[in-house]
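Containing mmCIF, C-alpha atoms and all ligand atoms: model.cif.
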data_data
loop_
_atom_site.label_atom_id
_atom_site.label_comp_id
_atom_site.auth_asym_id
_atom_site.auth_seq_id
_atom_site.Cartn_x
_atom_site.Cartn_y
_atom_site.Cartn_z
CA VAL A 1 64.30 2.26 45.97
CA PRO A 2 60.86 1.10 44.90
CA ILE A 3 59.25 -1.27 47.42
CA GLU A 4 58.90 -4.87 46.39
CA LEU A 5 55.21 -5.65 46.03
CA THR A 6 53.67 -9.04 46.48
CA LEU A 7 51.23 -9.32 43.63
CA ALA A 8 47.83 -10.97 43.91
CA ARG A 9 47.47 -14.37 42.26
CA ARG A 10 45.05 -12.90 39.72
CA ALA A 11 47.72 -10.43 38.56
CA ILE A 12 50.36 -13.16 38.27
CA ARG A 13 48.05 -15.54 36.39
CA MET A 14 47.78 -13.13 33.44
CA SER A 15 49.89 -15.02 30.98
CA ALA A 16 49.74 -13.12 27.69
CA PRO A 17 51.39 -9.70 27.67
CA LEU A 18 49.45 -6.71 26.36
CA HIS A 19 49.35 -6.71 22.60
CA PRO A 20 52.09 -4.31 21.43
CA GLU A 21 51.30 -1.08 19.60
CA THR A 22 51.16 -1.61 15.86
CA GLY A 23 53.16 1.56 15.10
CA SER A 24 53.28 2.15 11.37
CA ALA A 25 52.44 -1.45 10.41
CA ILE A 26 49.23 -2.15 8.49
CA PRO A 27 46.80 -2.99 11.30
CA PHE A 28 45.17 -6.35 10.56
CA ASP A 29 45.62 -7.16 14.25
CA SER A 30 43.23 -4.55 15.50
CA GLY A 31 39.54 -5.06 16.23
CA TYR A 32 39.19 -1.26 16.18
CA ALA A 33 36.21 0.22 14.39
CA SER A 34 36.77 2.02 11.11
CA PRO A 35 36.84 5.79 11.79
CA GLN A 36 34.90 6.17 8.51
CA ALA A 37 32.03 4.31 10.14
CA PHE A 38 31.78 6.61 13.19
CA PRO A 39 28.52 8.56 13.34
CA ASP A 40 28.75 12.35 13.72
CA LEU A 41 27.72 12.93 17.34
CA THR A 42 28.65 16.61 17.63
CA GLU A 43 25.13 17.99 17.98
CA LEU A 44 23.99 15.24 20.31
CA ALA A 45 27.04 15.78 22.54
CA GLN A 46 26.29 19.50 22.65
CA ARG A 47 22.68 18.82 23.60
CA ALA A 48 23.76 16.34 26.28
CA LEU A 49 26.00 19.07 27.73
CA THR A 50 23.36 21.82 27.63
CA ALA A 51 19.78 20.51 27.84
CA TYR A 52 20.94 17.64 30.10
CA ARG A 53 23.91 19.37 31.72
CA ASN A 54 23.08 18.56 35.35
CA GLU A 55 22.48 14.93 34.62
CA SER A 56 25.38 14.43 32.17
CA LEU A 57 28.02 15.84 34.53
CA GLN A 58 26.73 14.06 37.63
CA TYR A 59 27.35 10.48 38.83
CA GLY A 60 25.35 8.02 36.77
CA ALA A 61 22.25 6.20 38.00
CA PRO A 62 23.31 2.74 39.29
CA MET A 63 21.18 0.83 36.76
CA GLY A 64 21.73 3.27 33.88
CA LEU A 65 19.76 6.20 32.44
CA PRO A 66 16.07 5.30 32.26
CA ALA A 67 15.84 6.77 28.74
CA LEU A 68 18.64 4.51 27.55
CA ARG A 69 17.25 1.40 29.27
CA ASP A 70 13.93 2.10 27.49
CA ALA A 71 15.68 2.49 24.14
CA ILE A 72 17.72 -0.71 24.63
CA SER A 73 14.63 -2.69 25.56
CA SER A 74 12.87 -1.47 22.35
CA TYR A 75 15.96 -2.39 20.37
CA MET A 76 15.92 -5.89 21.86
CA ARG A 77 12.20 -6.30 21.31
CA ASP A 78 12.70 -5.36 17.64
CA ASP A 79 15.31 -8.12 17.59
CA GLY A 80 12.81 -10.69 18.86
CA ALA A 81 13.62 -10.77 22.60
CA ALA A 82 10.81 -9.62 24.90
CA VAL A 83 12.90 -7.67 27.39
CA SER A 84 11.56 -4.89 29.62
CA PRO A 85 13.63 -1.85 30.68
CA ASP A 86 14.05 -3.23 34.20
CA GLU A 87 15.73 -6.31 32.72
CA ILE A 88 18.57 -4.09 31.42
CA LEU A 89 21.65 -2.95 33.36
CA VAL A 90 23.79 -0.39 31.56
CA VAL A 91 27.52 -1.16 31.88
CA ASP A 92 30.83 0.26 30.64
CA GLY A 93 30.96 -2.05 27.61
CA ALA A 94 30.45 -5.78 27.15
CA LYS A 95 33.81 -6.51 28.76
CA GLN A 96 32.57 -5.09 32.04
CA GLY A 97 29.50 -7.26 31.55
CA ILE A 98 31.69 -10.38 31.51
CA ASP A 99 33.45 -9.17 34.65
CA LEU A 100 30.16 -8.57 36.49
CA ILE A 101 28.73 -11.95 35.56
CA CYS A 102 31.91 -13.57 36.92
CA ARG A 103 31.57 -11.54 40.12
CA LEU A 104 27.97 -12.63 40.43
CA LEU A 105 28.40 -16.35 39.76
CA THR A 106 31.91 -17.65 40.24
CA GLU A 107 34.38 -18.71 42.92
CA GLU A 108 38.05 -19.51 42.31
CA GLY A 109 38.44 -22.99 40.78
CA ASP A 110 34.99 -23.05 39.15
CA GLY A 111 34.68 -24.24 35.56
CA VAL A 112 33.60 -22.10 32.62
CA VAL A 113 32.86 -23.30 29.09
CA VAL A 114 34.50 -21.40 26.22
CA THR A 115 34.92 -22.16 22.55
CA ALA A 116 38.38 -23.06 21.23
CA PRO A 117 39.21 -20.45 19.96
CA THR A 118 37.42 -17.69 21.88
CA TYR A 119 37.37 -13.88 22.18
CA PHE A 120 40.85 -13.15 23.49
CA SER A 121 39.97 -10.25 25.79
CA ALA A 122 37.53 -12.49 27.65
CA ILE A 123 40.38 -14.83 28.61
CA PRO A 124 42.23 -12.54 31.07
CA ILE A 125 38.94 -11.49 32.65
CA LEU A 126 37.92 -15.12 33.23
CA CYS A 127 41.47 -15.94 34.34
CA SER A 128 41.44 -13.19 36.93
CA PHE A 129 38.60 -15.03 38.69
CA GLY A 130 40.69 -18.20 38.78
CA LEU A 131 38.29 -20.11 36.54
CA GLU A 132 39.12 -23.42 34.93
CA PHE A 133 38.50 -23.51 31.18
CA ILE A 134 36.48 -26.22 29.50
CA GLU A 135 37.26 -25.83 25.81
CA VAL A 136 34.79 -26.88 23.12
CA THR A 137 35.46 -26.70 19.38
CA GLN A 138 33.19 -25.29 16.70
CA ASP A 139 32.19 -26.32 13.22
CA ASP A 140 30.44 -24.18 10.63
CA GLU A 141 27.20 -24.35 12.69
CA GLY A 142 28.86 -23.03 15.84
CA ILE A 143 29.85 -24.55 19.17
CA ASP A 144 29.94 -28.38 19.10
CA VAL A 145 27.07 -29.19 21.46
CA ALA A 146 27.65 -32.97 21.26
CA MET A 147 31.24 -32.48 22.44
CA LEU A 148 30.04 -30.21 25.23
CA ALA A 149 27.45 -32.78 26.35
CA GLN A 150 30.15 -35.44 26.46
CA LEU A 151 32.56 -33.24 28.45
CA LEU A 152 29.84 -32.43 30.96
CA GLN A 153 29.05 -36.12 31.39
CA GLU A 154 32.72 -36.95 31.92
CA ARG A 155 32.97 -34.25 34.55
CA GLN A 156 29.89 -35.60 36.29
CA ARG A 157 31.32 -39.14 36.25
CA ASN A 158 34.47 -37.77 37.86
CA GLY A 159 32.43 -36.10 40.59
CA MET A 160 33.16 -32.59 39.32
CA PRO A 161 30.59 -29.80 39.67
CA GLU A 162 28.85 -28.22 36.67
CA PRO A 163 30.60 -25.25 35.10
CA LYS A 164 29.21 -21.90 36.22
CA PHE A 165 28.35 -20.71 32.72
CA ILE A 166 28.85 -21.22 29.01
CA TYR A 167 30.46 -18.18 27.36
CA ASN A 168 29.69 -17.93 23.67
CA VAL A 169 29.72 -15.46 20.77
CA PRO A 170 26.99 -16.84 18.50
CA ASP A 171 26.99 -14.21 15.73
CA PHE A 172 30.08 -13.55 13.61
CA HIS A 173 32.21 -15.08 16.31
CA ASN A 174 35.48 -13.41 17.25
CA PRO A 175 37.87 -14.69 15.87
CA THR A 176 36.29 -17.30 13.54
CA GLY A 177 33.43 -15.30 11.94
CA ILE A 178 31.11 -18.31 12.46
CA THR A 179 27.39 -17.75 13.09
CA MET A 180 25.51 -20.48 14.94
CA SER A 181 22.70 -22.18 13.03
CA ARG A 182 19.23 -22.09 14.56
CA ARG A 183 19.32 -25.84 15.10
CA ARG A 184 22.57 -25.59 17.05
CA ARG A 185 21.19 -22.70 19.13
CA GLU A 186 18.22 -24.83 20.10
CA GLN A 187 20.47 -27.77 20.96
CA LEU A 188 22.66 -25.58 23.13
CA LEU A 189 19.67 -24.12 24.97
CA ASP A 190 18.24 -27.59 25.44
CA LEU A 191 21.48 -28.94 26.92
CA ALA A 192 21.89 -25.88 29.14
CA ALA A 193 18.31 -26.28 30.40
CA ARG A 194 18.77 -29.98 31.16
CA ARG A 195 21.96 -29.28 33.09
CA GLN A 196 20.82 -25.93 34.52
CA ILE A 197 23.87 -24.04 33.28
CA PRO A 198 23.46 -20.38 32.31
CA ILE A 199 24.67 -19.13 28.93
CA VAL A 200 26.41 -15.79 28.42
CA GLU A 201 25.50 -14.60 24.92
CA ASP A 202 28.06 -11.98 23.88
CA SER A 203 26.95 -10.67 20.51
CA PRO A 204 28.50 -7.34 19.56
CA TYR A 205 28.56 -7.96 15.79
CA ARG A 206 25.00 -9.22 15.37
CA LYS A 207 23.78 -6.18 13.43
CA LEU A 208 26.87 -5.97 11.23
CA ARG A 209 25.40 -8.47 8.79
CA PHE A 210 26.24 -7.84 5.15
CA GLU A 211 24.09 -10.54 3.56
CA GLY A 212 21.92 -13.54 4.42
CA THR A 213 19.33 -13.63 7.20
CA ALA A 214 19.90 -13.44 10.93
CA GLU A 215 19.16 -16.39 13.20
CA PRO A 216 17.15 -15.62 16.34
CA SER A 217 19.32 -14.63 19.26
CA LEU A 218 19.77 -17.14 22.08
CA LYS A 219 17.98 -14.63 24.31
CA ALA A 220 14.98 -14.62 21.96
CA LEU A 221 14.84 -18.44 21.96
CA ASP A 222 15.32 -18.77 25.72
CA SER A 223 12.14 -19.78 27.53
CA ASN A 224 13.91 -20.81 30.75
CA GLY A 225 15.68 -17.61 31.80
CA LEU A 226 19.06 -19.23 31.12
CA VAL A 227 20.62 -16.53 28.98
CA PHE A 228 22.55 -13.50 30.17
CA GLY A 229 22.50 -11.25 27.09
CA LEU A 230 25.49 -8.95 26.60
CA GLY A 231 25.16 -6.01 24.24
CA THR A 232 27.39 -3.08 23.37
CA PHE A 233 27.38 0.10 21.34
CA SER A 234 31.06 -0.45 20.50
CA LYS A 235 30.33 -2.04 17.14
CA LEU A 236 26.85 -0.54 16.66
CA MET A 237 28.20 3.02 16.95
CA CYS A 238 31.75 3.47 18.28
CA PRO A 239 33.81 1.80 21.02
CA GLY A 240 35.14 4.95 22.70
CA LEU A 241 31.75 5.72 24.25
CA ARG A 242 32.16 2.66 26.53
CA VAL A 243 28.50 1.80 26.89
CA GLY A 244 27.00 -1.66 26.80
CA TRP A 245 24.37 -3.64 28.67
CA ILE A 246 23.53 -6.87 30.44
CA CYS A 247 20.14 -8.37 30.13
CA THR A 248 18.74 -10.79 32.73
CA THR A 249 16.29 -10.64 35.65
CA LYS A 250 15.82 -7.45 37.66
CA GLU A 251 16.94 -9.18 40.85
CA LEU A 252 20.26 -10.38 39.40
CA LEU A 253 20.89 -7.02 37.73
CA GLU A 254 20.42 -5.19 41.01
CA ARG A 255 23.03 -7.44 42.60
CA MET A 256 25.42 -6.79 39.72
CA ALA A 257 24.80 -3.03 39.99
CA ARG A 258 26.06 -3.29 43.59
CA LEU A 259 29.12 -5.26 42.46
CA LYS A 260 30.01 -2.63 39.83
CA SER A 261 32.75 -0.29 41.02
CA ASP A 262 32.49 2.73 38.75
CA GLY A 263 30.05 5.28 40.21
CA GLY A 264 27.61 4.49 37.39
CA THR A 265 28.32 4.24 33.67
CA CYS A 266 29.10 7.68 32.20
CA PRO A 267 25.80 9.58 31.89
CA LEU A 268 27.17 11.85 29.15
CA THR A 269 27.82 9.03 26.69
CA GLN A 270 24.61 7.27 27.74
CA ARG A 271 22.62 10.41 26.92
CA ILE A 272 24.31 10.80 23.52
CA ILE A 273 23.38 7.22 22.67
CA ALA A 274 19.83 7.54 24.00
CA GLU A 275 19.29 10.62 21.82
CA PHE A 276 20.80 8.84 18.81
CA LEU A 277 18.46 5.87 19.24
CA GLN A 278 15.36 7.92 20.06
CA GLY A 279 16.03 10.18 17.07
CA GLY A 280 15.80 7.11 14.80
CA SER A 281 19.38 7.42 13.53
CA LEU A 282 20.52 3.84 14.15
CA PRO A 283 19.05 2.02 11.10
CA GLY A 284 20.55 4.45 8.55
CA HIS A 285 23.86 4.47 10.38
CA LEU A 286 23.97 0.67 10.43
CA GLN A 287 23.35 0.47 6.70
CA ARG A 288 26.33 2.75 6.15
CA ALA A 289 28.52 0.73 8.52
CA GLN A 290 27.49 -2.54 6.84
CA ARG A 291 28.47 -1.10 3.44
CA ILE A 292 31.85 0.02 4.74
CA TYR A 293 32.74 -3.24 6.49
CA SER A 294 31.49 -5.45 3.68
CA SER A 295 33.69 -3.55 1.22
CA HIS A 296 36.65 -4.16 3.57
CA ARG A 297 35.82 -7.85 3.77
CA ASP A 298 35.48 -8.13 -0.01
CA ALA A 299 38.82 -6.41 -0.56
CA MET A 300 40.53 -8.77 1.88
CA VAL A 301 38.96 -11.93 0.47
CA ALA A 302 39.88 -10.88 -3.09
CA ALA A 303 43.48 -10.22 -2.02
CA LEU A 304 43.71 -13.55 -0.18
CA ARG A 305 42.39 -15.44 -3.21
CA ARG A 306 45.12 -13.84 -5.29
CA GLU A 307 48.04 -13.94 -2.87
CA LEU A 308 47.42 -16.97 -0.61
CA PRO A 309 45.25 -19.34 -2.64
CA GLY A 310 46.01 -22.41 -0.48
CA VAL A 311 44.94 -21.00 2.85
CA GLU A 312 41.63 -22.11 4.44
CA TYR A 313 38.97 -19.81 5.89
CA ILE A 314 35.25 -19.30 5.83
CA VAL A 315 33.94 -16.07 4.33
CA PRO A 316 31.83 -14.57 7.12
CA GLN A 317 28.56 -12.84 6.26
CA GLY A 318 29.33 -10.05 8.70
CA GLY A 319 31.50 -8.93 11.59
CA TYR A 320 35.13 -7.88 11.56
CA TYR A 321 37.37 -10.94 11.10
CA LEU A 322 38.82 -13.66 8.93
CA TRP A 323 40.33 -16.69 10.62
CA LEU A 324 42.99 -18.30 8.44
CA ARG A 325 44.14 -21.86 8.84
CA PHE A 326 47.54 -23.03 7.61
CA ARG A 327 47.71 -26.81 7.54
CA ASP A 328 51.24 -27.11 6.21
CA GLY A 329 53.16 -26.95 9.46
CA VAL A 330 53.99 -23.24 9.31
CA ASP A 331 53.97 -21.93 12.90
CA THR A 332 51.60 -18.98 12.67
CA ASN A 333 53.08 -17.29 15.73
CA VAL A 334 56.41 -17.13 13.90
CA LEU A 335 54.53 -16.08 10.76
CA ALA A 336 52.97 -13.19 12.71
CA ALA A 337 56.44 -12.05 13.82
CA ARG A 338 57.81 -12.27 10.26
CA ALA A 339 54.82 -10.43 8.85
CA PHE A 340 55.33 -7.67 11.41
CA GLU A 341 58.95 -7.24 10.30
CA ARG A 342 57.63 -6.71 6.77
CA GLY A 343 55.10 -4.10 7.90
CA VAL A 344 51.78 -5.84 8.55
CA SER A 345 50.48 -6.66 12.00
CA VAL A 346 48.41 -9.84 12.46
CA ILE A 347 47.68 -11.97 15.53
CA GLY A 348 48.94 -15.56 15.73
CA GLY A 349 46.54 -18.23 17.02
CA ASN A 350 48.02 -18.57 20.54
CA VAL A 351 46.14 -15.78 22.24
CA PHE A 352 42.70 -17.03 21.18
CA PHE A 353 42.94 -20.35 23.00
CA ALA A 354 42.14 -20.29 26.69
CA GLY A 355 43.29 -23.79 27.62
CA GLY A 356 46.39 -24.75 29.55
CA THR A 357 48.82 -27.48 28.58
CA ASP A 358 46.44 -30.46 28.60
CA SER A 359 43.69 -28.54 26.90
CA TYR A 360 41.92 -29.70 23.77
CA SER A 361 43.51 -26.96 21.67
CA ALA A 362 47.05 -27.78 22.83
CA GLN A 363 46.55 -31.53 22.26
CA HIS A 364 45.43 -30.86 18.72
CA ASP A 365 48.14 -28.28 18.15
CA LEU A 366 45.55 -25.72 17.06
CA PRO A 367 47.13 -22.44 18.20
CA LYS A 368 49.98 -22.71 15.72
CA GLN A 369 47.74 -23.26 12.72
CA TYR A 370 45.72 -20.07 12.75
CA ILE A 371 45.98 -16.34 12.44
CA ARG A 372 43.26 -13.75 12.79
CA LEU A 373 42.98 -10.95 10.25
CA ALA A 374 40.74 -8.02 11.12
CA TYR A 375 39.47 -6.18 8.04
CA SER A 376 37.62 -3.59 10.13
CA TYR A 377 40.22 -0.93 10.82
CA ALA A 378 42.74 -0.97 7.97
CA ALA A 379 41.85 1.45 5.18
CA PRO A 380 40.69 -0.37 2.00
CA GLU A 381 43.75 0.83 0.10
CA GLN A 382 45.98 -0.78 2.76
CA ILE A 383 44.25 -4.15 2.59
CA ASP A 384 45.77 -5.26 -0.72
CA GLU A 385 49.23 -4.21 0.34
CA GLY A 386 48.88 -5.86 3.77
CA VAL A 387 47.86 -9.21 2.31
CA LYS A 388 50.80 -9.04 -0.13
CA LEU A 389 53.20 -8.49 2.78
CA LEU A 390 51.66 -11.36 4.72
CA ALA A 391 51.97 -13.64 1.68
CA ALA A 392 55.62 -12.63 1.22
CA ALA A 393 56.32 -13.49 4.89
CA TYR A 394 54.55 -16.83 4.48
CA TYR A 395 56.42 -17.84 1.30
CA SER A 396 59.72 -16.84 2.90
CA MET A 397 59.11 -19.55 5.55
CA ARG A 398 58.46 -22.42 3.14
C1 LIG B 401 33.10 -10.92 21.33
C2 LIG B 401 33.37 -9.56 21.84
N1 LIG B 401 32.86 -9.17 23.01
C3 LIG B 401 33.08 -7.95 23.50
C4 LIG B 401 33.86 -7.03 22.81
C5 LIG B 401 34.14 -5.69 23.42
O1 LIG B 401 33.00 -5.04 23.76
P1 LIG B 401 33.07 -3.67 24.57
O2 LIG B 401 33.83 -2.69 23.74
O3 LIG B 401 31.64 -3.33 24.68
O4 LIG B 401 33.71 -3.95 25.89
C6 LIG B 401 34.43 -7.39 21.60
C7 LIG B 401 35.31 -6.43 20.91
O5 LIG B 401 36.15 -6.75 20.15
C8 LIG B 401 34.19 -8.68 21.10
O6 LIG B 401 34.71 -9.08 19.95
#
What would the structure in this file look like if it were written as structure tokens?
Amino acid sequence: VPIELTLARRAIRMSAPLHPETGSAIPFDSGYASPQAFPDLTELAQRALTAYRNESLQYGAPMGLPALRDAISSYMRDDGAAVSPDEILVVDGAKQGIDLICRLLTEEGDGVVVTAPTYFSAIPILCSFGLEFIEVTQDDEGIDVAMLAQLLQERQRNGMPEPKFIYNVPDFHNPTGITMSRRRREQLLDLAARRQIPIVEDSPYRKLRFEGTAEPSLKALDSNGLVFGLGTFSKLMCPGLRVGWICTTKELLERMARLKSDGGTCPLTQRIIAEFLQGGSLPGHLQRAQRIYSSHRDAMVAALRRELPGVEYIVPQGGYYLWLRFRDGVDTNVLAARAFERGVSVIGGNVFFAGGTDSYSAQHDLPKQYIRLAYSYAAPEQIDEGVKLLAAAYYSMR
């Protein structure tokens, strides 16, 4: 008879179950990268396992491979942020970065600011630290800084402490595709500086821009050391390598390195990436990836215009996602289930909203109005068919 375990509160708090396997359904649910966009790493892997054999098969250096930290700091400098190699900690992907920042800064019951909606995999991580969510909406310029200022004032009036950090995805936000305007970035930094609240800038899609010009990163605009930058090679190259980074002061990074329980990020994949970057392969690779993902986006937008002309969404200039809003009372969580029965997998709005029952999103009934469609992973020839199936499910409910 299996023993009956008493689970920790953090394990019980996890509300949403793991997203089920898509099976044979057309995968608009998945934020997976397109296999077509993977770089060929065969030779670099071979080199990492021969020329660097002793290093690649050993435990990793606690702060990351020096060669990779150098390459990441050059990459960030090219992107406008003056970051030195000792201001970089290599981690096992941006998700581990979120976990480490929580370990560094938070106690159970602390507040954390998130957008409504927000990146859904951040929610269980933040939940596991027992954090209380402060939800802030977005418009087409990004997080609503005026609303955030008001919420912070209300909390202060009620004698509540400041939240421990503001978590935000400023470029091609997951799930909305919104990119913050420069003006809004400056307003956010200004508010954060006045209230002395750090910002976690999680920006995996920043370089997957198909058109238009990039705004400066929050890190590049930050003159007060407020921003923890989170980067990852998941979208720049491929997610299976599990390499990302955190960018802040050396002192804080050294503390986080001691809080990181993995024996060092895998030196084999770090070396492959370092060689890829040092060999100058990233710009050409990114151009190819941008072409692939923009053709996926175009195919999906064209299909939506044809099949679901009434639905609202912004057309993002990059990233992986479209965020559809149905204002006609259709419950999108039911729509997602119906669409799945017809053979296309999409994610209903629920999982993207962090708040509990008296949260902003619940009061405004937002979770039921949205679905996220990822155009990244489905093959272009599946996109048309998938949107047709989604439209058929939608019309069957009206
Ligand atoms: C906003 C955001 N942050 C982080 C990640 C995951 O990054 P990583 O694979 O580096 O953990 C994703 C992936 O979907 C994402 O959308």
Please identify every polymer residue within 8 Å of ligand LIG 401 (chain B), using only C-alpha atoms and all ligand atoms, and present the set as an MDAnalysis selection string.
chainID A and resid 31:32 92:97 119 121:122 169 173:175 202:205 231:235 239:240 242:244
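Counting all atoms listed in the file, the residue from A:Leu100, A:Ala214, A:Leu89, A:Leu282 that sits nearest to Val200 (chain A) is A:Leu100.
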Quick one: of A:Ile292, A:Ala257, A:Ile123, A:Ala220, who's nearest to Phe352 (chain A), counting all atoms listed in the file?
A:Ile123
Which one is closest to Lys260 (chain A): A:Glu43, A:Asp99, A:Asp110, A:Asp78? Count all atoms listed in the file.
A:Asp99
Using only C-alpha atoms, find the one residue out of A:Ala289, A:Leu218, A:Ser281, A:Leu126 that sits nearest to Ala33 (chain A).
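The answer is A:Ala289, which sits nearest to Ala33 (chain A).
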For a test of reading the model, state the distance in Å between CA of Gly23 (chain A) and CA of Ser345 (chain A), rounded to one decimal.
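Separation between CA of Gly23 (chain A) and CA of Ser345 (chain A): 9.2 Å.
In terms of minimum interatomic distance to Ile272 (chain A), A:Met237 ranks closest within A:Met237, A:Ile143, A:Val315, A:Ala302, counting all atoms listed in the file.
Closest approach to Phe165 (chain A) among A:Glu381, A:Glu132, A:Glu21, A:Glu87: A:Glu132, based on all atoms listed in the file.
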Need the neighbours of (31.4, -24.2, 35.7): which residues are at most 10 Å away, counting only C-alpha atoms, as a list in words?
Leu105, Thr106, Glu107, Gly109, Asp110, Gly111, Val112, Val113, Leu131, Glu132, Phe133, Ile134, Leu152, Met160, Pro161, Glu162, Pro163, Lys164, Phe165, Ile166, Ile197 and Pro198 of chain A
Identify, on the basis of all atoms listed in the file, every residue whose closest approach to Arg103 (chain A) does not exceed 8 Å; exclude the query and any residue fewer than 4 positions from it along the same chain; express the result as a list in words.
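Near Arg103 (chain A), the qualifying residues are Asp99, Phe129, Met256 and Leu259 of chain A.
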What are the centre and edge lengths in Å, to one decimal, of the axis-aligned box around all listed atoms of region 100-118 of chain A with 3 Å added on each side, as AutoDock Vina command-line options?
--center_x 33.6 --center_y -16.4 --center_z 31.4 --size_x 17.2 --size_y 21.7 --size_z 29.0
Correct to one decimal, the distance CA of His19 (chain A)-CA of Asp140 (chain A) is 28.4 Å
Residues at most 12 Å from Ser217 (chain A), counting all atoms listed in the file, excluding those fewer than 5 positions away in the same chain, as a count of residues only?
35
Long-range neighbours of Ala362 (chain A) as a list in words, 12 Å cut-off, only C-alpha atoms, 3 positions minimum in chain
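Using only C-alpha atoms, the neighbours found are Ala116, Pro117, Glu135, Gly349, Asn350, Phe352, Phe353, Ala354, Gly355, Gly356, Thr357, Asp358, Ser359, Asp365, Leu366, Pro367, Lys368 and Gln369 of chain A.
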Work out how far CA of Leu236 (chain A) is from CA of Met63 (chain A), in Å to one decimal.
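CA of Leu236 (chain A) lies 20.9 Å from CA of Met63 (chain A).
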List the residues sitting within 10 Å of (16.1, 4.4, 27.8) in the file's frame, using only C-alpha atoms, as a PyMOL selection string.
chain A and resi 64-74+85+88+90+270-271+273-275+277-278
Could you extract region 168-184 of chain A of the given structure into a file holding N, CA and C atoms, as a short mmCIF file (atom, residue, chain, number, x, y, z; two decimals), in the first residue's frame?
data_model
loop_
_atom_site.label_atom_id
_atom_site.label_comp_id
_atom_site.auth_asym_id
_atom_site.auth_seq_id
_atom_site.Cartn_x
_atom_site.Cartn_y
_atom_site.Cartn_z
N ASN A 168 7.34 41.50 -15.95
CA ASN A 168 6.75 41.97 -17.21
C ASN A 168 7.49 41.39 -18.42
N VAL A 169 6.73 41.23 -19.50
CA VAL A 169 7.27 40.74 -20.78
C VAL A 169 7.05 41.88 -21.79
N PRO A 170 8.05 42.76 -21.94
CA PRO A 170 7.78 44.00 -22.69
C PRO A 170 7.78 43.86 -24.22
N ASP A 171 8.38 42.80 -24.74
CA ASP A 171 8.46 42.65 -26.20
C ASP A 171 7.67 41.43 -26.65
N PHE A 172 6.70 41.67 -27.55
CA PHE A 172 5.88 40.56 -28.07
C PHE A 172 5.42 39.66 -26.92
N HIS A 173 4.74 40.32 -26.03
CA HIS A 173 4.25 39.72 -24.79
C HIS A 173 3.58 38.38 -25.05
N ASN A 174 3.80 37.45 -24.15
CA ASN A 174 3.11 36.16 -24.16
C ASN A 174 2.00 36.26 -23.11
N PRO A 175 0.71 36.22 -23.45
CA PRO A 175 0.14 35.79 -24.72
C PRO A 175 -0.31 36.90 -25.68
N THR A 176 -0.22 38.18 -25.33
CA THR A 176 -0.96 39.18 -26.13
C THR A 176 -0.24 39.66 -27.38
N GLY A 177 1.08 39.46 -27.48
CA GLY A 177 1.84 39.95 -28.63
C GLY A 177 2.16 41.44 -28.54
N ILE A 178 1.74 42.10 -27.44
CA ILE A 178 1.94 43.56 -27.33
C ILE A 178 3.42 43.88 -27.03
N THR A 179 3.91 44.95 -27.67
CA THR A 179 5.24 45.48 -27.34
C THR A 179 5.06 46.85 -26.69
N MET A 180 5.73 47.04 -25.56
CA MET A 180 5.60 48.33 -24.85
C MET A 180 6.21 49.45 -25.67
N SER A 181 5.53 50.60 -25.66
CA SER A 181 6.09 51.79 -26.32
C SER A 181 7.24 52.32 -25.46
N ARG A 182 8.07 53.15 -26.07
CA ARG A 182 9.19 53.72 -25.31
C ARG A 182 8.67 54.59 -24.17
N ARG A 183 7.63 55.38 -24.48
CA ARG A 183 7.08 56.27 -23.46
C ARG A 183 6.63 55.46 -22.23
N ARG A 184 5.94 54.35 -22.49
CA ARG A 184 5.43 53.54 -21.39
C ARG A 184 6.59 52.89 -20.61
#
